[in-house]
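Pasting my_file-v3.csv here (CSV, C-alpha atoms):
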chain,number,residue,atom,x,y,z
D,2,MET,CA,-26.5,16.9,-68.4
D,3,ALA,CA,-23.6,15.8,-70.5
D,4,VAL,CA,-20.2,17.2,-69.7
D,5,SER,CA,-17.9,18.0,-72.6
D,6,LYS,CA,-14.5,16.3,-72.8
D,7,SER,CA,-12.7,19.6,-72.7
D,8,THR,CA,-14.4,20.6,-69.5
D,9,LEU,CA,-13.7,17.2,-67.9
D,10,SER,CA,-10.0,17.5,-68.9
D,11,ILE,CA,-9.8,20.9,-67.3
D,12,VAL,CA,-11.3,19.6,-64.1
D,13,LEU,CA,-8.9,16.6,-64.0
D,14,ILE,CA,-5.9,18.9,-64.6
D,15,VAL,CA,-7.0,21.2,-61.8
D,16,LEU,CA,-7.5,18.3,-59.5
D,17,GLY,CA,-4.1,16.9,-60.5
D,18,GLY,CA,-2.5,20.2,-59.9
D,19,LEU,CA,-4.1,20.5,-56.5
D,20,SER,CA,-3.0,17.0,-55.6
D,21,VAL,CA,0.6,17.8,-56.6
D,22,LEU,CA,0.4,21.1,-54.6
D,23,PHE,CA,-1.1,19.3,-51.6
D,24,GLY,CA,1.5,16.6,-51.7
D,25,THR,CA,4.3,19.1,-52.0
D,26,VAL,CA,3.0,21.0,-49.0
D,27,LEU,CA,2.8,17.8,-47.0
D,28,VAL,CA,6.4,17.0,-47.9
D,29,PHE,CA,7.6,20.2,-46.2
D,30,VAL,CA,4.8,20.9,-43.7
D,31,GLY,CA,4.0,17.4,-42.6
D,32,PRO,CA,7.4,16.7,-41.0
D,33,ILE,CA,7.2,20.0,-39.2
D,34,ILE,CA,3.8,19.0,-37.8
D,35,ILE,CA,5.0,15.6,-36.8
D,36,ASP,CA,8.1,17.0,-35.1
D,37,ASP,CA,6.0,19.5,-33.3
D,38,GLN,CA,3.8,16.7,-31.9
D,39,ILE,CA,6.9,14.7,-30.9
D,40,VAL,CA,8.2,17.7,-29.0
D,41,LYS,CA,4.9,18.3,-27.3
D,42,ASN,CA,4.5,14.7,-26.2
D,43,VAL,CA,8.1,14.2,-25.1
D,44,GLU,CA,8.3,17.1,-22.8
D,45,ILE,CA,7.4,16.3,-19.2
D,46,ASN,CA,4.1,18.2,-18.7
D,47,PRO,CA,1.1,17.2,-16.6
D,48,ASN,CA,-1.1,18.7,-19.3
D,49,ASN,CA,0.1,16.1,-21.8
D,50,GLY,CA,-2.3,13.5,-20.3
D,51,LEU,CA,-1.3,10.1,-21.7
D,52,SER,CA,2.4,10.8,-22.2
D,53,TYR,CA,2.7,12.2,-18.7
D,54,THR,CA,0.9,9.3,-17.2
D,55,MET,CA,3.3,6.9,-19.1
D,56,TRP,CA,6.3,8.8,-17.7
D,57,LYS,CA,4.9,8.8,-14.2
D,58,ASP,CA,3.8,5.1,-14.1
D,59,ILE,CA,5.9,3.3,-16.7
D,60,PRO,CA,3.6,0.8,-18.5
D,61,VAL,CA,6.4,-0.9,-20.4
D,62,PRO,CA,7.7,-4.0,-18.6
D,63,PHE,CA,11.2,-4.1,-17.4
D,64,PHE,CA,12.9,-7.4,-16.8
D,65,MET,CA,16.0,-8.1,-14.7
D,66,SER,CA,17.8,-11.3,-15.6
D,67,VAL,CA,20.1,-12.6,-12.9
D,68,TYR,CA,22.8,-15.2,-13.5
D,69,PHE,CA,24.9,-16.9,-10.8
D,70,PHE,CA,28.3,-18.5,-11.1
D,71,HIS,CA,28.0,-21.7,-9.2
D,72,ILE,CA,31.3,-22.9,-7.8
D,73,VAL,CA,31.8,-26.6,-8.4
D,74,ASN,CA,35.1,-27.1,-6.6
D,75,PRO,CA,35.1,-25.1,-3.3
D,76,ASP,CA,37.2,-27.7,-1.4
D,77,GLU,CA,39.9,-27.8,-4.1
D,78,ILE,CA,40.1,-24.0,-4.2
D,79,LEU,CA,41.1,-24.0,-0.5
D,80,LYS,CA,43.9,-26.3,-1.5
D,81,GLY,CA,45.2,-23.9,-4.1
D,82,GLU,CA,43.3,-25.0,-7.3
D,83,LYS,CA,41.8,-22.5,-9.8
D,84,PRO,CA,38.1,-21.9,-9.3
D,85,THR,CA,35.7,-23.6,-11.7
D,86,VAL,CA,32.3,-22.1,-12.2
D,87,VAL,CA,29.1,-23.0,-14.1
D,88,GLN,CA,26.6,-20.3,-15.0
D,89,ARG,CA,23.1,-20.8,-13.6
D,90,GLY,CA,20.1,-19.0,-14.8
D,91,PRO,CA,18.7,-16.7,-16.0
D,92,TYR,CA,16.4,-16.1,-13.0
D,93,VAL,CA,14.1,-13.5,-14.4
D,94,TYR,CA,12.3,-10.8,-12.4
D,95,ARG,CA,9.6,-8.5,-13.7
D,96,GLU,CA,10.3,-5.0,-12.5
D,97,LYS,CA,7.5,-2.6,-11.8
D,98,ARG,CA,8.5,1.1,-11.6
D,99,TRP,CA,6.6,4.2,-10.7
D,100,LYS,CA,7.5,7.8,-9.8
D,101,ASP,CA,6.3,9.5,-6.6
D,102,ASN,CA,7.0,12.7,-4.6
D,103,ILE,CA,6.8,14.6,-7.9
D,104,THR,CA,7.5,18.3,-7.6
D,105,PHE,CA,7.8,20.8,-10.5
D,106,HIS,CA,10.1,23.8,-10.2
D,107,ASP,CA,10.2,27.3,-11.8
D,108,ASN,CA,13.5,26.6,-13.6
D,109,HIS,CA,11.8,24.0,-15.9
D,110,THR,CA,12.9,21.0,-13.8
D,111,VAL,CA,11.0,18.3,-11.9
D,112,SER,CA,12.1,16.3,-8.9
D,113,TYR,CA,10.9,12.7,-8.2
D,114,LYS,CA,11.8,9.4,-6.6
D,115,GLU,CA,11.3,6.3,-8.7
D,116,TYR,CA,10.3,3.2,-6.8
D,117,ARG,CA,10.7,-0.4,-7.9
D,118,GLN,CA,9.3,-3.8,-7.1
D,119,TYR,CA,10.4,-7.2,-8.3
D,120,PHE,CA,8.3,-10.3,-9.1
D,121,PHE,CA,9.8,-13.6,-10.0
D,122,GLU,CA,8.8,-14.9,-13.5
D,123,GLU,CA,9.3,-18.6,-13.4
D,124,SER,CA,8.0,-19.1,-16.9
D,125,MET,CA,10.8,-17.0,-18.3
D,126,SER,CA,13.5,-18.4,-16.0
D,127,VAL,CA,15.8,-21.4,-16.3
D,128,GLY,CA,15.2,-22.9,-12.8
D,129,ASN,CA,13.4,-21.5,-9.8
D,130,GLU,CA,14.2,-19.7,-6.6
D,131,SER,CA,14.7,-22.9,-4.7
D,132,ASP,CA,17.7,-23.9,-6.7
D,133,LEU,CA,20.8,-24.3,-4.5
D,134,VAL,CA,23.9,-22.3,-5.6
D,135,THR,CA,27.4,-22.2,-4.1
D,136,ILE,CA,29.1,-18.7,-4.2
D,137,PRO,CA,31.8,-17.0,-2.2
D,138,ASN,CA,30.6,-16.0,1.3
D,139,MET,CA,30.6,-12.3,0.8
D,140,LEU,CA,29.9,-11.6,4.5
D,141,VAL,CA,33.0,-13.5,5.6
D,142,LEU,CA,35.3,-12.3,2.8
D,143,GLY,CA,34.0,-8.7,3.0
D,144,ALA,CA,34.3,-8.5,6.7
D,145,SER,CA,37.8,-10.0,6.6
D,146,VAL,CA,39.1,-7.4,4.1
D,147,MET,CA,37.4,-4.5,5.9
D,148,MET,CA,39.1,-5.5,9.2
D,149,GLU,CA,42.5,-6.3,7.8
D,150,ASN,CA,44.0,-3.1,9.3
D,151,MET,CA,42.3,-3.4,12.6
D,152,PRO,CA,44.2,-4.4,15.8
D,153,PHE,CA,45.2,-8.1,16.1
D,154,PRO,CA,42.8,-8.8,19.0
D,155,VAL,CA,39.9,-7.5,16.9
D,156,ARG,CA,40.8,-9.7,14.0
D,157,LEU,CA,41.3,-12.7,16.3
D,158,LEU,CA,37.8,-12.1,17.8
D,159,LEU,CA,36.3,-12.0,14.3
D,160,SER,CA,38.1,-15.2,13.3
D,161,ALA,CA,36.7,-16.9,16.4
D,162,THR,CA,33.2,-15.6,15.5
D,163,PHE,CA,33.4,-17.1,12.1
D,164,LYS,CA,34.1,-20.5,13.5
D,165,SER,CA,31.5,-20.3,16.2
D,166,PHE,CA,28.8,-19.4,13.7
D,167,GLU,CA,30.1,-22.0,11.2
D,168,GLU,CA,30.8,-19.4,8.6
D,169,GLY,CA,33.3,-20.4,5.9
D,170,PRO,CA,34.7,-18.8,2.7
D,171,PHE,CA,31.9,-20.4,0.6
D,172,LEU,CA,28.1,-20.4,1.0
D,173,THR,CA,25.4,-22.7,-0.4
D,174,LYS,CA,21.9,-21.2,-0.3
D,175,PRO,CA,18.7,-21.2,-2.4
D,176,VAL,CA,18.6,-18.5,-5.1
D,177,GLY,CA,15.6,-16.8,-3.4
D,178,GLU,CA,17.6,-16.4,-0.2
D,179,LEU,CA,20.7,-15.2,-1.9
D,180,MET,CA,18.6,-12.6,-3.8
D,181,TRP,CA,16.3,-11.3,-1.1
D,182,GLY,CA,18.0,-12.1,2.2
D,183,TYR,CA,18.5,-14.8,4.8
D,184,ASP,CA,18.9,-14.7,8.5
D,185,SER,CA,22.4,-14.7,9.8
D,186,LYS,CA,23.8,-14.8,13.3
D,187,LEU,CA,27.0,-13.2,11.9
D,188,VAL,CA,25.0,-10.2,10.6
D,189,ASP,CA,23.4,-9.8,14.1
D,190,PHE,CA,26.8,-10.0,15.7
D,191,LEU,CA,28.5,-7.5,13.4
D,192,ASN,CA,25.6,-5.0,13.7
D,193,LYS,CA,25.7,-5.3,17.5
D,194,TYR,CA,29.5,-4.9,18.0
D,195,PHE,CA,30.5,-3.1,14.8
D,196,PRO,CA,27.5,-0.9,14.0
D,197,GLY,CA,27.5,0.8,10.6
D,198,MET,CA,29.8,-1.8,9.0
D,199,LEU,CA,27.0,-3.5,7.1
D,200,PRO,CA,24.4,-1.7,4.9
D,201,THR,CA,21.6,-3.7,6.4
D,202,SER,CA,20.4,-4.4,9.9
D,203,GLY,CA,18.1,-7.3,8.9
D,204,LYS,CA,18.4,-10.1,6.4
D,205,PHE,CA,21.5,-10.2,4.2
D,206,GLY,CA,21.0,-10.7,0.5
D,207,LEU,CA,22.3,-9.4,-2.9
D,208,PHE,CA,19.1,-7.4,-3.5
D,209,ALA,CA,17.7,-7.3,0.0
D,210,GLU,CA,17.5,-3.5,-0.1
D,211,PHE,CA,16.2,-3.2,-3.7
D,212,ASN,CA,12.6,-4.3,-3.4
D,213,ASN,CA,10.2,-1.5,-2.7
D,214,SER,CA,13.2,0.9,-2.7
D,215,ASN,CA,14.1,3.9,-4.8
D,216,ALA,CA,17.4,5.1,-6.3
D,217,GLY,CA,17.3,8.5,-4.7
D,218,GLN,CA,15.8,11.8,-5.7
D,219,PHE,CA,16.4,12.8,-9.3
D,220,THR,CA,15.8,16.4,-10.5
D,221,VAL,CA,15.6,16.4,-14.3
D,222,PHE,CA,14.8,19.0,-17.0
D,223,THR,CA,11.2,18.9,-18.3
D,224,GLY,CA,12.2,20.1,-21.8
D,225,GLN,CA,9.4,22.8,-21.8
D,226,ASP,CA,12.0,25.5,-22.5
D,227,ASP,CA,14.5,23.4,-24.5
D,228,ILE,CA,13.5,20.0,-25.8
D,229,ARG,CA,17.2,19.1,-26.2
D,230,LYS,CA,17.5,19.0,-22.3
D,231,VAL,CA,14.4,16.9,-21.6
D,232,HIS,CA,15.2,14.0,-19.1
D,233,MET,CA,18.7,15.4,-18.5
D,234,VAL,CA,19.7,15.3,-14.9
D,235,ASP,CA,20.0,18.6,-13.1
D,236,SER,CA,20.9,17.0,-9.7
D,237,TRP,CA,20.7,13.7,-7.8
D,238,ASN,CA,19.8,13.8,-4.1
D,239,GLY,CA,20.5,17.5,-4.3
D,240,LEU,CA,24.0,17.0,-5.7
D,241,LYS,CA,25.4,18.4,-8.9
D,242,SER,CA,28.3,15.9,-8.6
D,243,VAL,CA,29.3,13.1,-6.3
D,244,ASN,CA,32.5,12.7,-4.1
D,245,TYR,CA,33.2,9.0,-4.5
D,246,TRP,CA,36.1,9.4,-7.0
D,247,ARG,CA,39.4,11.2,-7.2
D,248,SER,CA,38.8,13.6,-10.1
D,249,GLU,CA,36.2,16.2,-11.0
D,250,GLN,CA,35.5,14.5,-14.3
D,251,CYS,CA,34.8,11.1,-12.7
D,252,ASN,CA,32.5,12.7,-10.1
D,253,MET,CA,30.3,14.5,-12.7
D,254,ILE,CA,26.6,13.6,-12.9
D,255,ASN,CA,26.0,13.5,-16.6
D,256,GLY,CA,23.1,12.6,-18.9
D,257,THR,CA,19.7,11.2,-18.0
D,258,ALA,CA,18.5,8.8,-15.4
D,259,GLY,CA,19.0,5.9,-17.8
D,260,GLN,CA,15.5,5.3,-19.2
D,261,MET,CA,14.7,8.1,-21.7
D,262,TRP,CA,16.8,10.5,-23.7
D,263,PRO,CA,16.1,13.7,-25.7
D,264,PRO,CA,14.6,13.1,-29.2
D,265,PHE,CA,16.2,13.7,-32.6
D,266,MET,CA,19.4,11.9,-31.8
D,267,THR,CA,21.9,11.1,-34.6
D,268,LYS,CA,24.7,8.6,-35.2
D,269,GLU,CA,27.1,11.2,-33.8
D,270,SER,CA,25.1,11.4,-30.6
D,271,THR,CA,26.1,9.6,-27.4
D,272,MET,CA,23.8,8.3,-24.7
D,273,PRO,CA,25.1,9.4,-21.3
D,274,PHE,CA,23.3,8.5,-18.1
D,275,TYR,CA,23.9,8.5,-14.3
D,276,SER,CA,23.6,5.1,-12.5
D,277,PRO,CA,23.3,5.3,-8.7
D,278,ASP,CA,23.9,1.5,-8.6
D,279,ALA,CA,27.3,2.0,-10.3
D,280,CYS,CA,27.9,5.3,-8.4
D,281,ARG,CA,29.0,7.0,-11.6
D,282,SER,CA,28.0,8.4,-15.0
D,283,MET,CA,28.4,6.2,-18.0
D,284,GLU,CA,28.0,6.8,-21.8
D,285,LEU,CA,27.0,4.6,-24.7
D,286,VAL,CA,28.1,5.3,-28.3
D,287,TYR,CA,26.6,4.4,-31.7
D,288,GLN,CA,27.7,1.0,-33.1
D,289,ARG,CA,25.5,0.0,-36.0
D,290,PRO,CA,21.9,-0.1,-37.5
D,291,GLY,CA,19.8,-3.1,-37.1
D,292,MET,CA,16.3,-4.6,-36.8
D,293,SER,CA,14.5,-5.6,-33.6
D,294,ARG,CA,11.2,-7.5,-34.1
D,295,GLY,CA,10.8,-5.9,-37.4
D,296,ILE,CA,11.5,-2.4,-36.2
D,297,PRO,CA,14.5,-0.5,-37.6
D,298,VAL,CA,16.9,0.4,-34.7
D,299,TYR,CA,20.2,2.0,-34.0
D,300,ARG,CA,22.4,0.1,-31.5
D,301,PHE,CA,24.3,2.1,-28.9
D,302,VAL,CA,26.9,0.2,-26.9
D,303,ALA,CA,29.3,0.6,-24.0
D,304,PRO,CA,32.8,1.7,-25.3
D,305,LYS,CA,35.7,-0.6,-24.5
D,306,THR,CA,37.1,2.2,-22.3
D,307,LEU,CA,34.1,2.1,-19.9
D,308,PHE,CA,35.8,-0.1,-17.3
D,309,ALA,CA,39.4,0.4,-18.5
D,310,ASN,CA,42.0,1.3,-15.8
D,311,GLY,CA,43.8,4.5,-15.6
D,312,ALA,CA,47.0,3.1,-17.3
D,313,ASP,CA,45.0,2.0,-20.4
D,314,TYR,CA,42.7,5.0,-20.5
D,315,PRO,CA,44.0,8.1,-18.6
D,316,PRO,CA,40.6,9.8,-18.1
D,317,ASN,CA,39.7,6.8,-15.9
D,318,GLU,CA,42.6,7.5,-13.5
D,319,GLY,CA,40.0,9.2,-11.2
D,320,PHE,CA,38.4,5.8,-10.6
D,321,CYS,CA,41.6,4.4,-9.2
D,322,PRO,CA,43.2,2.7,-7.3
D,323,CYS,CA,42.7,0.4,-10.2
D,324,ARG,CA,43.2,-3.3,-10.9
D,325,GLN,CA,43.2,-4.8,-14.3
D,326,SER,CA,41.1,-3.2,-17.0
D,327,GLY,CA,37.5,-4.5,-16.9
D,328,LEU,CA,37.1,-4.0,-13.2
D,329,LEU,CA,35.6,-1.0,-11.5
D,330,SER,CA,35.9,-0.8,-7.7
D,331,VAL,CA,32.9,0.7,-6.1
D,332,ARG,CA,34.3,0.4,-2.6
D,333,THR,CA,34.1,4.1,-1.9
D,334,CYS,CA,30.3,4.0,-2.3
D,335,ARG,CA,29.6,0.6,-0.8
D,336,HIS,CA,30.4,1.0,2.9
D,337,ASN,CA,34.1,0.3,2.0
D,338,SER,CA,33.3,-3.3,1.2
D,339,PRO,CA,35.5,-4.9,-1.6
D,340,VAL,CA,32.9,-4.8,-4.4
D,341,PHE,CA,33.7,-4.6,-8.1
D,342,ILE,CA,31.6,-4.1,-11.2
D,343,SER,CA,32.4,-5.6,-14.6
D,344,HIS,CA,30.7,-6.9,-17.7
D,345,PRO,CA,29.5,-10.5,-17.4
D,346,HIS,CA,32.2,-13.1,-17.9
D,347,PHE,CA,34.8,-10.4,-17.9
D,348,PHE,CA,33.8,-9.3,-21.4
D,349,GLU,CA,36.3,-6.8,-22.8
D,350,ALA,CA,38.4,-7.1,-19.7
D,351,ASP,CA,42.1,-7.8,-19.4
D,352,PRO,CA,42.7,-11.4,-20.6
D,353,VAL,CA,44.6,-12.2,-17.4
D,354,LEU,CA,41.3,-12.1,-15.5
D,355,LEU,CA,39.9,-14.9,-17.6
D,356,ASP,CA,43.0,-17.0,-16.7
D,357,THR,CA,42.1,-16.9,-13.0
D,358,VAL,CA,38.8,-18.8,-13.4
D,359,ASN,CA,37.7,-21.8,-15.4
D,360,GLY,CA,34.2,-21.7,-17.1
D,361,LEU,CA,34.1,-18.1,-18.4
D,362,ARG,CA,33.2,-17.6,-22.1
D,363,PRO,CA,32.6,-13.9,-22.9
D,364,ASN,CA,30.9,-12.9,-26.1
D,365,GLU,CA,29.4,-9.6,-27.2
D,366,ASP,CA,25.9,-10.8,-28.0
D,367,GLU,CA,25.3,-12.2,-24.5
D,368,HIS,CA,27.5,-10.0,-22.3
D,369,GLY,CA,27.7,-6.6,-23.9
D,370,LEU,CA,25.9,-3.6,-22.6
D,371,PHE,CA,23.6,-2.0,-25.3
D,372,ILE,CA,20.5,0.0,-26.0
D,373,ASP,CA,18.5,-0.1,-29.2
D,374,ILE,CA,16.6,3.0,-30.3
D,375,HIS,CA,14.1,3.5,-33.1
D,376,PRO,CA,15.1,5.9,-36.0
D,377,VAL,CA,12.8,8.7,-37.2
D,378,ARG,CA,13.3,12.0,-38.9
D,379,LYS,CA,15.1,15.0,-37.4
D,380,PRO,CA,13.7,18.5,-38.1
D,381,GLY,CA,14.9,19.9,-41.4
D,382,THR,CA,16.2,16.5,-42.6
D,383,GLN,CA,14.8,14.3,-45.4
D,384,ASN,CA,17.1,11.3,-44.8
D,385,LYS,CA,15.4,8.9,-42.4
D,386,ASN,CA,18.5,6.7,-42.3
D,387,CYS,CA,20.7,9.1,-40.4
D,388,ASP,CA,18.5,10.4,-37.6
D,389,THR,CA,16.9,8.8,-34.5
D,390,TYR,CA,14.3,9.1,-31.9
D,391,PRO,CA,14.7,7.2,-28.7
D,392,PHE,CA,12.7,4.0,-28.5
D,393,PHE,CA,14.0,2.4,-25.4
D,394,LYS,CA,14.3,-1.4,-25.4
D,395,THR,CA,13.6,-1.9,-21.7
D,396,ASN,CA,14.6,-5.4,-21.2
D,397,ILE,CA,18.3,-5.3,-21.9
D,398,ILE,CA,20.1,-2.7,-20.1
D,399,TYR,CA,20.0,-3.4,-16.3
D,400,ASN,CA,20.7,-7.1,-16.7
D,401,LYS,CA,24.0,-6.6,-18.5
D,402,ILE,CA,26.1,-4.7,-16.0
D,403,LEU,CA,27.0,-6.9,-13.0
D,404,ASN,CA,29.1,-10.0,-12.7
D,405,ILE,CA,27.6,-12.0,-9.8

Take the structure in this file and express it as structure tokens.
Amino acid sequence: MAVSKSTLSIVLIVLGGLSVLFGTVLVFVGPIIIDDQIVKNVEINPNNGLSYTMWKDIPVPFFMSVYFFHIVNPDEILKGEKPTVVQRGPYVYREKRWKDNITFHDNHTVSYKEYRQYFFEESMSVGNESDLVTIPNMLVLGASVMMENMPFPVRLLLSATFKSFEEGPFLTKPVGELMWGYDSKLVDFLNKYFPGMLPTSGKFGLFAEFNNSNAGQFTVFTGQDDIRKVHMVDSWNGLKSVNYWRSEQCNMINGTAGQMWPPFMTKESTMPFYSPDACRSMELVYQRPGMSRGIPVYRFVAPKTLFANGADYPPNEGFCPCRQSGLLSVRTCRHNSPVFISHPHFFEADPVLLDTVNGLRPNEDEHGLFIDIHPVRKPGTQNKNCDTYPFFKTNIIYNKILNI
């Protein structure tokens, strides 16, 4: 049966009107539906299935890149010359993480311990774990500093012990042993006659205690009552604050555990997190937009004040006694051993530090601490360029903190 042109026109007009109406509804209702789904999937809830499983057993690979400063003139240093170093690496380790001892609480928080294992990735590394590297002998230098105020007979005994065990100020070992531990008669001696001085009773290594370990018990908010609090730390090892530092502000436990943040962040947002390895809270700030593998991202970076001393940045006075800006002493949380944290190559540190060593060449691209997050809409906003949703770039944060 033939359809008249007037009838066809009316049908097309109605369909067009319905399409416009449907499109208009989608413009306003669609984002609300998407936001609702984001909230439901971001909150920590066992009923979420896939998203909860991904939170519990993180499927995204983490990579830890380790660089060593190989000392090329150890004998000359003992004669008073300036140290000259050559960077070796990266030695890349794939890091597996999973959460255990998970307990949900009535106040919309959940407690857990996150465990970690490391596996050497030779194909991603420049060198292998058998490479020989010369570094300062941290056992000798650390023990010497820690005993400098002890009675003279004790210091004399320690000096004689160094000689008898043929321990000097520098040490040459394979990368694998420096990372995961080596047998040392000096360690056995110190543990026998000075128990508690060292953090280990077995092999001594930079990461000897890291493998198959956890960073303590975190209690974080699930976001079920307020999505703005999801992943934010309520306590760490039962503590609301630490007692390592000299001010209430510096002892605060702020932010998340350093992997995930609440959704709907903006350029004005900051990214605070608590790092048990650094014994303190830190905060990243927005720097610029960018692209990562074709994905639009916002880059958040460590501010220049992160490791500034109290003279250059008064709020950091609580982390003192301070040295030059760019160094953070973690002695109070590392068995009183003289350990410092800085950006690699003394990036953004006091220039006087660079003058003490030959071979350091700091630059932001290689040595800055940053996180990239993927931008999406925020509820009630139509401008996609000014709002963000965390998309954690997992392979760049933890390999940027320490100078080794």

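Using all atoms listed in the file for every distance, the candidate list D:Pro62, D:Asn310, D:Gly197, D:Glu149 yields D:Gly197 as the residue closest to His336 in chain D.
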
Margin query: Restricting the calculation to all atoms listed in the file: of D:Pro376, D:Pro339, D:Pro316, D:Pro352, which residue gets closest to Arg289 in chain D?
Written below: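 For Arg289 in chain D, the nearest of the candidates is D:Pro376.
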
Next item on the list: Find the distance between CA of Pro263 in chain D and CA of Gly319 in chain D and write it in Å to one decimal.
Entry: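 Result for CA of Pro263 in chain D versus CA of Gly319 in chain D: 28.3 Å, one decimal.
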
Margin query: Just want the 12 Å neighbourhood of Pro170 in chain D, counted on only C-alpha atoms, with same-chain residues fewer than 3 positions away dropped. Output as a list in words.
Written below: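 The neighbour list is Ile72, Pro75, Asp76, Ile78, Leu79, Thr135, Ile136, Pro137, Asn138, Met139, Leu140, Val141, Leu142, Gly143, Ala144, Ser145, Ser160, Phe163, Lys164, Glu167 and Thr173 of chain D.
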
Margin query: One decimal, in Å: what's the spacing between CA of Ser214 in chain D and CA of Phe64 in chain D?
Written below: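 Straight-line distance from CA of Ser214 in chain D to CA of Phe64 in chain D works out to 16.4 Å.
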
Check: Please, what distance in Å, to one decimal, runs between CA of Val234 in chain D and CA of Leu329 in chain D?
Finding: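 One can read the CA of Val234 in chain D to CA of Leu329 in chain D distance as 23.0 Å.
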
Notebook entry, point to check: Of the residues D:Lys230, D:Lys268, D:Lys186, D:Lys114, which is the one nearest to Gly217 in chain D, using all atoms listed in the file?
Noted result: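 Looking only at the distances to Gly217 in chain D, the closest residue turns out to be D:Lys114.
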
Checklist line | Closest of D:Val93, D:Ala216, D:Val87, D:Val188 to Phe70 in chain D - atom-to-atom distances counting all atoms listed in the file | finding: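 Closest to Phe70 in chain D of all the choices is D:Val87.
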
Note to self: My list of candidates is D:Asp235, D:Asp227, D:Glu178, D:Glu122. Which is closest to Lys204 in chain D when distances are computed with all atoms listed in the file?
What the structure shows: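 So, comparing all the options, the nearest one is D:Glu178.
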
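The smallest atom-to-atom distance between Lys241 in chain D and any of D:Gly203, D:Gly256, D:Pro363, D:Gly295, using only C-alpha atoms, is found for D:Gly256.
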
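Neighbours of Val353 in chain D closer than or equal to 10 Å, with all atoms listed in the file counted and sequence neighbours fewer than 4 positions away skipped, come out as Gln325, Ser326, Phe347, Thr357 and Val358 of chain D.
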
File of the preceding selection, C-alpha atoms, as a PDB file, in the coordinates of the input:
ATOM      1  CA  GLN D 325      43.200  -4.800 -14.300  1.00  0.00           C
ATOM      2  CA  SER D 326      41.100  -3.200 -17.000  1.00  0.00           C
ATOM      3  CA  PHE D 347      34.800 -10.400 -17.900  1.00  0.00           C
ATOM      4  CA  THR D 357      42.100 -16.900 -13.000  1.00  0.00           C
ATOM      5  CA  VAL D 358      38.800 -18.800 -13.400  1.00  0.00           C
TER       6      VAL D 358
END

Note to self: Need to verify the contact set: Pro304 in chain D, 10 Å, only C-alpha atoms, exclusion of same-chain residues closer than 5 positions in sequence. Can you return it as a list in words?
What the structure shows: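 What passes the distance filter is Met283, Glu284, Leu285, Val286, Tyr287, Gln288, Ala309, Glu349, Gly369, Leu370 and Phe371 of chain D.
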
What lies within 6 Å of Tyr113 in chain D using all atoms listed in the file, ignoring chain neighbours under 4 positions off, as a JSON list (two decimals) with C-alpha atoms, in the coordinates of the input?
[["chain", "number", "residue", "atom", "x", "y", "z"],
["D", 101, "ASP", "CA", 6.30, 9.50, -6.60],
["D", 102, "ASN", "CA", 7.00, 12.70, -4.60],
["D", 103, "ILE", "CA", 6.80, 14.60, -7.90],
["D", 218, "GLN", "CA", 15.80, 11.80, -5.70],
["D", 219, "PHE", "CA", 16.40, 12.80, -9.30]]

Item checked: Selection: 10 Å around Phe166 in chain D, all atoms listed in the file, excl. self and same-chain fewer than 5 positions, as number ranges by chain -> D: 161, 185-187, 190

Notebook entry, point to check: So which residues fall inside 7 Å of (32.3, 9.0, -14.4) if we count all atoms listed in the file? Mind giving them as a PyMOL selection string?
Noted result: chain D and resi 250-253+281-283
